[in-house]
>>> print(open('structure-v7.cif').read())   # mmCIF, C-alpha atoms
data_input
#
loop_
_atom_site.label_atom_id
_atom_site.label_comp_id
_atom_site.auth_asym_id
_atom_site.auth_seq_id
_atom_site.Cartn_x
_atom_site.Cartn_y
_atom_site.Cartn_z
CA MET A 1 56.31 12.80 -0.90
CA LYS A 2 59.76 12.25 0.54
CA ASN A 3 62.09 15.16 -0.22
CA GLY A 4 59.77 16.37 -2.97
CA HIS A 5 60.04 13.23 -5.14
CA SER A 6 56.95 12.40 -7.16
CA TYR A 7 56.95 8.57 -6.90
CA LEU A 8 58.97 5.57 -5.71
CA ALA A 9 61.09 3.25 -7.86
CA ALA A 10 62.67 0.32 -6.01
CA PHE A 11 65.17 -2.26 -7.19
CA ASP A 12 66.32 -5.69 -6.04
CA LEU A 13 70.08 -6.30 -5.99
CA ASP A 14 70.88 -9.89 -6.99
CA LYS A 15 70.17 -10.85 -10.62
CA THR A 16 68.35 -7.53 -11.06
CA ILE A 17 70.73 -4.60 -10.61
CA LEU A 18 73.49 -7.19 -10.88
CA SER A 19 73.65 -9.93 -13.47
CA VAL A 20 75.04 -12.25 -10.77
CA ASN A 21 73.99 -13.42 -7.31
CA SER A 22 76.10 -11.66 -4.68
CA SER A 23 75.83 -14.61 -2.29
CA ARG A 24 77.87 -16.73 -4.70
CA LEU A 25 80.54 -14.05 -4.76
CA VAL A 26 80.50 -14.05 -0.96
CA VAL A 27 81.01 -17.83 -0.88
CA LYS A 28 83.97 -17.67 -3.28
CA ALA A 29 85.61 -14.80 -1.43
CA SER A 30 85.03 -16.48 1.95
CA ARG A 31 86.74 -19.65 0.77
CA LYS A 32 89.62 -17.59 -0.60
CA MET A 33 90.09 -15.85 2.76
CA GLY A 34 89.65 -19.04 4.78
CA LEU A 35 86.45 -17.83 6.43
CA MET A 36 84.36 -20.77 5.18
CA SER A 37 85.19 -24.42 5.67
CA ALA A 38 84.85 -27.11 3.01
CA ARG A 39 81.86 -28.49 4.93
CA GLN A 40 80.18 -25.10 4.96
CA LEU A 41 80.82 -24.76 1.23
CA ARG A 42 79.09 -28.10 0.57
CA GLN A 43 76.14 -26.93 2.67
CA ALA A 44 75.94 -23.66 0.73
CA ILE A 45 75.86 -25.58 -2.57
CA LEU A 46 73.12 -27.86 -1.20
CA TYR A 47 71.04 -24.91 -0.02
CA SER A 48 71.43 -23.31 -3.45
CA VAL A 49 70.07 -26.43 -5.16
CA VAL A 50 67.19 -26.70 -2.67
CA TYR A 51 66.30 -23.04 -3.30
CA GLN A 52 66.55 -23.38 -7.09
CA PHE A 53 64.10 -26.29 -7.18
CA ASP A 54 61.76 -24.79 -4.55
CA LEU A 55 62.11 -27.80 -2.21
CA LYS A 56 61.85 -25.86 1.05
CA ASP A 57 60.53 -22.57 2.43
CA PRO A 58 62.88 -19.95 0.89
CA ASN A 59 63.03 -17.99 4.17
CA GLU A 60 64.33 -21.07 5.99
CA ILE A 61 66.91 -21.62 3.27
CA VAL A 62 68.21 -18.04 3.45
CA LEU A 63 68.42 -18.18 7.26
CA SER A 64 70.29 -21.48 7.05
CA MET A 65 72.71 -20.07 4.48
CA MET A 66 73.51 -17.11 6.74
CA LYS A 67 74.29 -19.26 9.78
CA TRP A 68 77.80 -20.00 8.51
CA LEU A 69 78.70 -16.43 9.50
CA LYS A 70 78.23 -17.30 13.18
CA GLY A 71 81.41 -16.48 15.10
CA LEU A 72 82.95 -14.35 12.35
CA ASN A 73 84.04 -10.77 13.03
CA GLU A 74 81.81 -8.20 11.36
CA LYS A 75 84.82 -6.05 10.41
CA ASP A 76 86.42 -9.00 8.59
CA VAL A 77 83.27 -9.66 6.58
CA ALA A 78 82.79 -5.97 5.78
CA GLY A 79 86.43 -5.71 4.69
CA MET A 80 86.08 -8.76 2.47
CA ALA A 81 82.97 -7.25 0.88
CA THR A 82 84.81 -4.01 0.11
CA SER A 83 88.07 -5.48 -1.16
CA LEU A 84 87.02 -8.68 -2.94
CA ILE A 85 83.31 -8.59 -3.70
CA LEU A 86 82.44 -4.96 -4.50
CA PRO A 87 84.70 -4.72 -7.60
CA LEU A 88 83.05 -7.85 -9.04
CA MET A 89 79.57 -6.51 -8.29
CA LEU A 90 80.25 -3.18 -9.96
CA GLU A 91 81.50 -4.99 -13.06
CA SER A 92 78.24 -6.98 -13.22
CA ILE A 93 75.74 -4.09 -13.07
CA ARG A 94 73.25 -4.51 -15.90
CA PRO A 95 73.42 -1.69 -18.51
CA GLU A 96 69.64 -1.84 -18.96
CA ILE A 97 69.18 -1.17 -15.24
CA LEU A 98 71.43 1.87 -15.50
CA ASP A 99 69.07 3.11 -18.22
CA GLU A 100 66.03 2.47 -16.02
CA ILE A 101 67.60 4.27 -13.05
CA ALA A 102 68.49 7.25 -15.23
CA ARG A 103 64.95 7.40 -16.62
CA HIS A 104 63.39 7.33 -13.16
CA ARG A 105 65.86 9.91 -11.85
CA ASP A 106 64.97 12.22 -14.74
CA ASN A 107 61.29 11.77 -13.79
CA ASN A 108 61.97 12.80 -10.18
CA ALA A 109 61.54 9.34 -8.64
CA TYR A 110 62.81 8.44 -5.18
CA LEU A 111 65.25 5.57 -5.82
CA LEU A 112 65.31 2.72 -3.32
CA LEU A 113 67.38 -0.46 -3.14
CA LEU A 114 65.17 -3.10 -1.50
CA SER A 115 66.94 -6.43 -1.11
CA SER A 116 67.41 -9.44 1.13
CA ALA A 117 71.19 -9.06 0.79
CA MET A 118 73.45 -7.72 3.54
CA PRO A 119 74.19 -4.01 3.99
CA TYR A 120 77.89 -4.63 3.31
CA LEU A 121 76.84 -5.47 -0.26
CA CYS A 122 73.82 -3.21 -0.73
CA ASN A 123 75.16 0.07 0.65
CA PRO A 124 78.24 0.44 -1.57
CA VAL A 125 76.28 -0.47 -4.72
CA ALA A 126 73.59 2.06 -3.81
CA GLU A 127 76.25 4.68 -3.18
CA HIS A 128 77.88 3.93 -6.53
CA LEU A 129 74.54 4.26 -8.33
CA LYS A 130 73.56 7.34 -6.28
CA LEU A 131 70.34 5.74 -5.06
CA ASP A 132 68.49 7.58 -2.33
CA GLU A 133 68.07 4.86 0.29
CA VAL A 134 68.62 1.19 1.15
CA LEU A 135 66.30 -1.27 2.87
CA CYS A 136 67.92 -4.66 3.32
CA SER A 137 68.38 -7.58 5.70
CA SER A 138 70.46 -7.12 8.81
CA LEU A 139 72.39 -9.75 10.75
CA GLU A 140 72.65 -9.77 14.52
CA THR A 141 76.05 -9.13 16.11
CA LYS A 142 77.26 -9.14 19.69
CA GLU A 143 80.48 -7.29 20.47
CA GLY A 144 81.24 -7.13 16.75
CA VAL A 145 80.75 -10.88 16.14
CA PHE A 146 77.92 -12.47 14.13
CA THR A 147 75.54 -14.62 16.17
CA GLY A 148 74.15 -16.53 13.17
CA ARG A 149 70.74 -14.96 13.57
CA SER A 150 68.99 -12.21 11.66
CA ASN A 151 68.35 -8.81 13.20
CA GLY A 152 64.61 -8.62 12.62
CA ASN A 153 62.85 -10.16 9.65
CA LEU A 154 64.78 -10.90 6.49
CA VAL A 155 63.73 -8.58 3.65
CA PHE A 156 62.55 -11.50 1.58
CA GLY A 157 59.33 -12.81 0.06
CA ARG A 158 56.25 -11.52 1.87
CA GLU A 159 58.39 -9.38 4.17
CA LYS A 160 59.76 -7.49 1.18
CA ALA A 161 56.21 -6.67 0.09
CA ARG A 162 55.32 -5.61 3.63
CA GLN A 163 58.31 -3.28 3.81
CA MET A 164 57.52 -1.76 0.41
CA ILE A 165 53.94 -1.03 1.43
CA SER A 166 55.05 0.34 4.80
CA PHE A 167 57.65 2.58 3.17
CA CYS A 168 55.10 3.98 0.74
CA ASN A 169 52.58 4.62 3.51
CA SER A 170 55.06 6.27 5.88
CA HIS A 171 56.55 8.52 3.17
CA ASN A 172 53.32 9.37 1.38
CA PHE A 173 54.09 7.54 -1.87
CA ASP A 174 51.19 6.08 -3.83
CA ILE A 175 51.65 2.30 -4.04
CA ASP A 176 49.73 2.33 -7.33
CA THR A 177 52.38 4.52 -8.96
CA ALA A 178 55.34 2.69 -7.37
CA TRP A 179 57.77 0.55 -9.37
CA TYR A 180 59.67 -2.55 -8.35
CA TYR A 181 62.30 -4.42 -10.34
CA GLY A 182 62.88 -8.06 -9.39
CA ASP A 183 63.93 -11.37 -10.89
CA ALA A 184 62.91 -14.18 -8.53
CA TYR A 185 59.66 -16.05 -8.03
CA THR A 186 59.87 -15.03 -4.36
CA ASP A 187 59.45 -11.43 -5.59
CA ARG A 188 55.91 -12.22 -6.71
CA PHE A 189 54.47 -10.87 -3.46
CA ILE A 190 55.92 -7.39 -3.88
CA LEU A 191 55.28 -7.37 -7.64
CA ARG A 192 51.60 -8.11 -6.99
CA SER A 193 51.42 -5.27 -4.45
CA ILE A 194 52.47 -2.34 -6.64
CA GLY A 195 51.24 -0.51 -9.69
CA ASN A 196 54.29 -1.02 -11.91
CA PRO A 197 55.95 -4.45 -11.59
CA VAL A 198 59.01 -5.12 -13.75
CA CYS A 199 60.67 -8.53 -14.12
CA VAL A 200 64.36 -8.49 -15.00
CA LYS A 201 65.55 -11.67 -16.76
CA PRO A 202 63.02 -13.50 -14.56
CA GLU A 203 63.25 -17.04 -13.26
CA ILE A 204 61.06 -19.45 -15.27
CA LYS A 205 58.12 -19.46 -12.83
CA LEU A 206 58.16 -15.68 -12.48
CA GLY A 207 58.47 -15.27 -16.23
CA LEU A 208 55.36 -17.39 -16.77
CA MET A 209 53.47 -15.35 -14.18
CA ALA A 210 54.66 -12.07 -15.70
CA ARG A 211 53.46 -13.05 -19.18
CA ARG A 212 50.13 -14.22 -17.83
CA LYS A 213 49.60 -10.96 -15.92
CA GLY A 214 51.05 -8.69 -18.60
CA TRP A 215 53.89 -7.39 -16.43
CA LYS A 216 56.81 -5.66 -18.08
CA ILE A 217 59.83 -7.90 -18.74
CA ILE A 218 63.33 -6.62 -19.53
#
>>> encode(input="structure-v7.cif", output="structure tokens")
Amino acid sequence: MKNGHSYLAAFDLDKTILSVNSSRLVVKASRKMGLMSARQLRQAILYSVVYQFDLKDPNEIVLSMMKWLKGLNEKDVAGMATSLILPLMLESIRPEILDEIARHRDNNAYLLLLSSAMPYLCNPVAEHLKLDEVLCSSLETKEGVFTGRSNGNLVFGREKARQMISFCNSHNFDIDTAWYYGDAYTDRFILRSIGNPVCVKPEIKLGLMARRKGWKII
């Protein structure tokens, strides 16, 4: 067990720890700072609709949504996340998730934030909540500038399940005692892979699956 913890409890960020989707906060803040054009905003809205109605491979949608960052300075984006987005995220943390985190901490769980979101969003939330570790998507940069490509696989869908299993194996956690909290239908892969799946205000398709399988819903 890592650092003497008895089991692993992992949490998604968007619409799980938070009641909002951080990507929407990023879009609003980017427009406010002039980092996103009107054309890019229209594309982001289109991608959101395509994702919502499951009209395209979700991984392709997420990659497409991240391409607008190409050419932006990493320091500018990180600064925007700290000054404009983080306060809104902290205000939107779900009280019921705070209760779940406290319960797992009292039971000596290792607390992991496992999300497809960027580290500029995940790391400060994890620090605020005193979680033990973060696994999230990373974007490629060259000389401090985003290239528009991901740095490795996005922590999304099947990849999220793969990373959860790999983390458990490499740190000697039993996958059958592990917990994961998610909200999206794309989380079904990781929720199927663990012993204790929890759906937080789940999307309709995930909610139907959760009820059929008897998964916990909060």
>>> resolve_selection(input="structure-v7.cif", expression="the PyMOL selection byres ((chain A and resi 134) around 10)", output="VMD selection string")
chain A and resid 10 to 11 111 to 115 119 122 to 123 125 to 127 131 to 133 135 to 137
>>> atom_distance(input="structure-v7.cif", atom1="atom CA of Asn3 of chain A", atom2="atom CA of Tyr180 of chain A")
19.6 Å
>>> closest_residue(input="structure-v7.cif", among="A:Leu154, A:Cys168, A:Leu121, A:Ala178", to="Val198 of chain A", atoms="only C-alpha atoms")
A:Ala178
>>> closest_residue(input="structure-v7.cif", among="A:Leu208, A:Leu90, A:Ala81, A:Leu13", to="Val155 of chain A", atoms="only C-alpha atoms")
A:Leu13
>>> closest_residue(input="structure-v7.cif", among="A:Ser6, A:Ser23, A:Gln163, A:Asn153", to="Met118 of chain A", atoms="all atoms listed in the file")
A:Ser23
>>> decode(input="structure-v7.cif", residues="segment 91-168 of chain A", atoms="C-alpha atoms", output="PDB file, in the first residue's frame")
ATOM      1  CA  GLU A  91     -17.133  27.932  -4.979  1.00  0.00           C
ATOM      2  CA  SER A  92     -18.674  25.034  -6.940  1.00  0.00           C
ATOM      3  CA  ILE A  93     -17.255  22.109  -4.932  1.00  0.00           C
ATOM      4  CA  ARG A  94     -20.104  19.775  -4.045  1.00  0.00           C
ATOM      5  CA  PRO A  95     -20.754  19.536  -0.258  1.00  0.00           C
ATOM      6  CA  GLU A  96     -21.609  15.843  -0.604  1.00  0.00           C
ATOM      7  CA  ILE A  97     -18.174  15.212  -2.140  1.00  0.00           C
ATOM      8  CA  LEU A  98     -16.529  16.951   0.801  1.00  0.00           C
ATOM      9  CA  ASP A  99     -18.386  14.475   3.023  1.00  0.00           C
ATOM     10  CA  GLU A 100     -17.196  11.534   0.917  1.00  0.00           C
ATOM     11  CA  ILE A 101     -13.588  12.741   0.971  1.00  0.00           C
ATOM     12  CA  ALA A 102     -13.714  13.189   4.740  1.00  0.00           C
ATOM     13  CA  ARG A 103     -15.159   9.690   5.189  1.00  0.00           C
ATOM     14  CA  HIS A 104     -12.465   8.102   3.053  1.00  0.00           C
ATOM     15  CA  ARG A 105      -9.731  10.104   4.774  1.00  0.00           C
ATOM     16  CA  ASP A 106     -10.997   8.905   8.156  1.00  0.00           C
ATOM     17  CA  ASN A 107     -10.824   5.330   6.811  1.00  0.00           C
ATOM     18  CA  ASN A 108      -7.175   5.766   5.773  1.00  0.00           C
ATOM     19  CA  ALA A 109      -7.790   5.862   2.010  1.00  0.00           C
ATOM     20  CA  TYR A 110      -5.251   7.199  -0.473  1.00  0.00           C
ATOM     21  CA  LEU A 111      -7.079  10.072  -2.190  1.00  0.00           C
ATOM     22  CA  LEU A 112      -6.515  10.534  -5.915  1.00  0.00           C
ATOM     23  CA  LEU A 113      -7.858  13.090  -8.386  1.00  0.00           C
ATOM     24  CA  LEU A 114      -8.131  11.298 -11.747  1.00  0.00           C
ATOM     25  CA  SER A 115      -9.413  13.562 -14.502  1.00  0.00           C
ATOM     26  CA  SER A 116      -9.109  14.469 -18.162  1.00  0.00           C
ATOM     27  CA  ALA A 117      -8.799  18.147 -17.192  1.00  0.00           C
ATOM     28  CA  MET A 118      -5.541  20.108 -17.315  1.00  0.00           C
ATOM     29  CA  PRO A 119      -3.094  20.233 -14.389  1.00  0.00           C
ATOM     30  CA  TYR A 120      -3.611  24.002 -14.078  1.00  0.00           C
ATOM     31  CA  LEU A 121      -7.162  23.171 -12.952  1.00  0.00           C
ATOM     32  CA  CYS A 122      -6.650  19.836 -11.194  1.00  0.00           C
ATOM     33  CA  ASN A 123      -3.599  20.607  -9.069  1.00  0.00           C
ATOM     34  CA  PRO A 124      -4.942  23.634  -7.169  1.00  0.00           C
ATOM     35  CA  VAL A 125      -8.263  21.901  -6.443  1.00  0.00           C
ATOM     36  CA  ALA A 126      -6.421  18.822  -5.179  1.00  0.00           C
ATOM     37  CA  GLU A 127      -4.209  21.020  -3.019  1.00  0.00           C
ATOM     38  CA  HIS A 128      -7.243  22.816  -1.610  1.00  0.00           C
ATOM     39  CA  LEU A 129      -8.919  19.503  -0.760  1.00  0.00           C
ATOM     40  CA  LYS A 130      -5.648  18.003   0.545  1.00  0.00           C
ATOM     41  CA  LEU A 131      -5.827  15.055  -1.840  1.00  0.00           C
ATOM     42  CA  ASP A 132      -2.742  12.885  -2.046  1.00  0.00           C
ATOM     43  CA  GLU A 133      -2.053  12.851  -5.781  1.00  0.00           C
ATOM     44  CA  VAL A 134      -3.250  13.958  -9.216  1.00  0.00           C
ATOM     45  CA  LEU A 135      -3.370  12.030 -12.482  1.00  0.00           C
ATOM     46  CA  CYS A 136      -4.650  14.160 -15.344  1.00  0.00           C
ATOM     47  CA  SER A 137      -4.183  15.037 -18.996  1.00  0.00           C
ATOM     48  CA  SER A 138      -1.113  16.961 -20.064  1.00  0.00           C
ATOM     49  CA  LEU A 139      -0.706  19.241 -23.064  1.00  0.00           C
ATOM     50  CA  GLU A 140       2.468  19.431 -25.112  1.00  0.00           C
ATOM     51  CA  THR A 141       4.486  22.652 -25.034  1.00  0.00           C
ATOM     52  CA  LYS A 142       7.604  23.780 -26.853  1.00  0.00           C
ATOM     53  CA  GLU A 143       9.581  26.650 -25.346  1.00  0.00           C
ATOM     54  CA  GLY A 144       6.632  27.442 -23.091  1.00  0.00           C
ATOM     55  CA  VAL A 145       4.062  27.568 -25.922  1.00  0.00           C
ATOM     56  CA  PHE A 146       1.232  25.069 -26.490  1.00  0.00           C
ATOM     57  CA  THR A 147       1.531  23.024 -29.674  1.00  0.00           C
ATOM     58  CA  GLY A 148      -2.150  22.021 -29.786  1.00  0.00           C
ATOM     59  CA  ARG A 149      -1.320  18.391 -29.124  1.00  0.00           C
ATOM     60  CA  SER A 150      -1.622  16.259 -26.016  1.00  0.00           C
ATOM     61  CA  ASN A 151       1.426  15.060 -24.124  1.00  0.00           C
ATOM     62  CA  GLY A 152       0.657  11.352 -24.110  1.00  0.00           C
ATOM     63  CA  ASN A 153      -2.834   9.917 -23.982  1.00  0.00           C
ATOM     64  CA  LEU A 154      -5.674  11.999 -22.620  1.00  0.00           C
ATOM     65  CA  VAL A 155      -6.910  10.648 -19.277  1.00  0.00           C
ATOM     66  CA  PHE A 156     -10.340   9.983 -20.704  1.00  0.00           C
ATOM     67  CA  GLY A 157     -12.647   7.046 -21.362  1.00  0.00           C
ATOM     68  CA  ARG A 158     -10.754   3.766 -21.662  1.00  0.00           C
ATOM     69  CA  GLU A 159      -7.462   5.495 -20.883  1.00  0.00           C
ATOM     70  CA  LYS A 160      -8.807   6.604 -17.513  1.00  0.00           C
ATOM     71  CA  ALA A 161      -9.645   2.987 -16.675  1.00  0.00           C
ATOM     72  CA  ARG A 162      -6.201   1.875 -17.847  1.00  0.00           C
ATOM     73  CA  GLN A 163      -4.491   4.450 -15.646  1.00  0.00           C
ATOM     74  CA  MET A 164      -6.605   3.492 -12.626  1.00  0.00           C
ATOM     75  CA  ILE A 165      -5.720  -0.180 -13.020  1.00  0.00           C
ATOM     76  CA  SER A 166      -2.050   0.633 -13.592  1.00  0.00           C
ATOM     77  CA  PHE A 167      -1.948   2.875 -10.522  1.00  0.00           C
ATOM     78  CA  CYS A 168      -3.490   0.179  -8.348  1.00  0.00           C
TER      79      CYS A 168
END
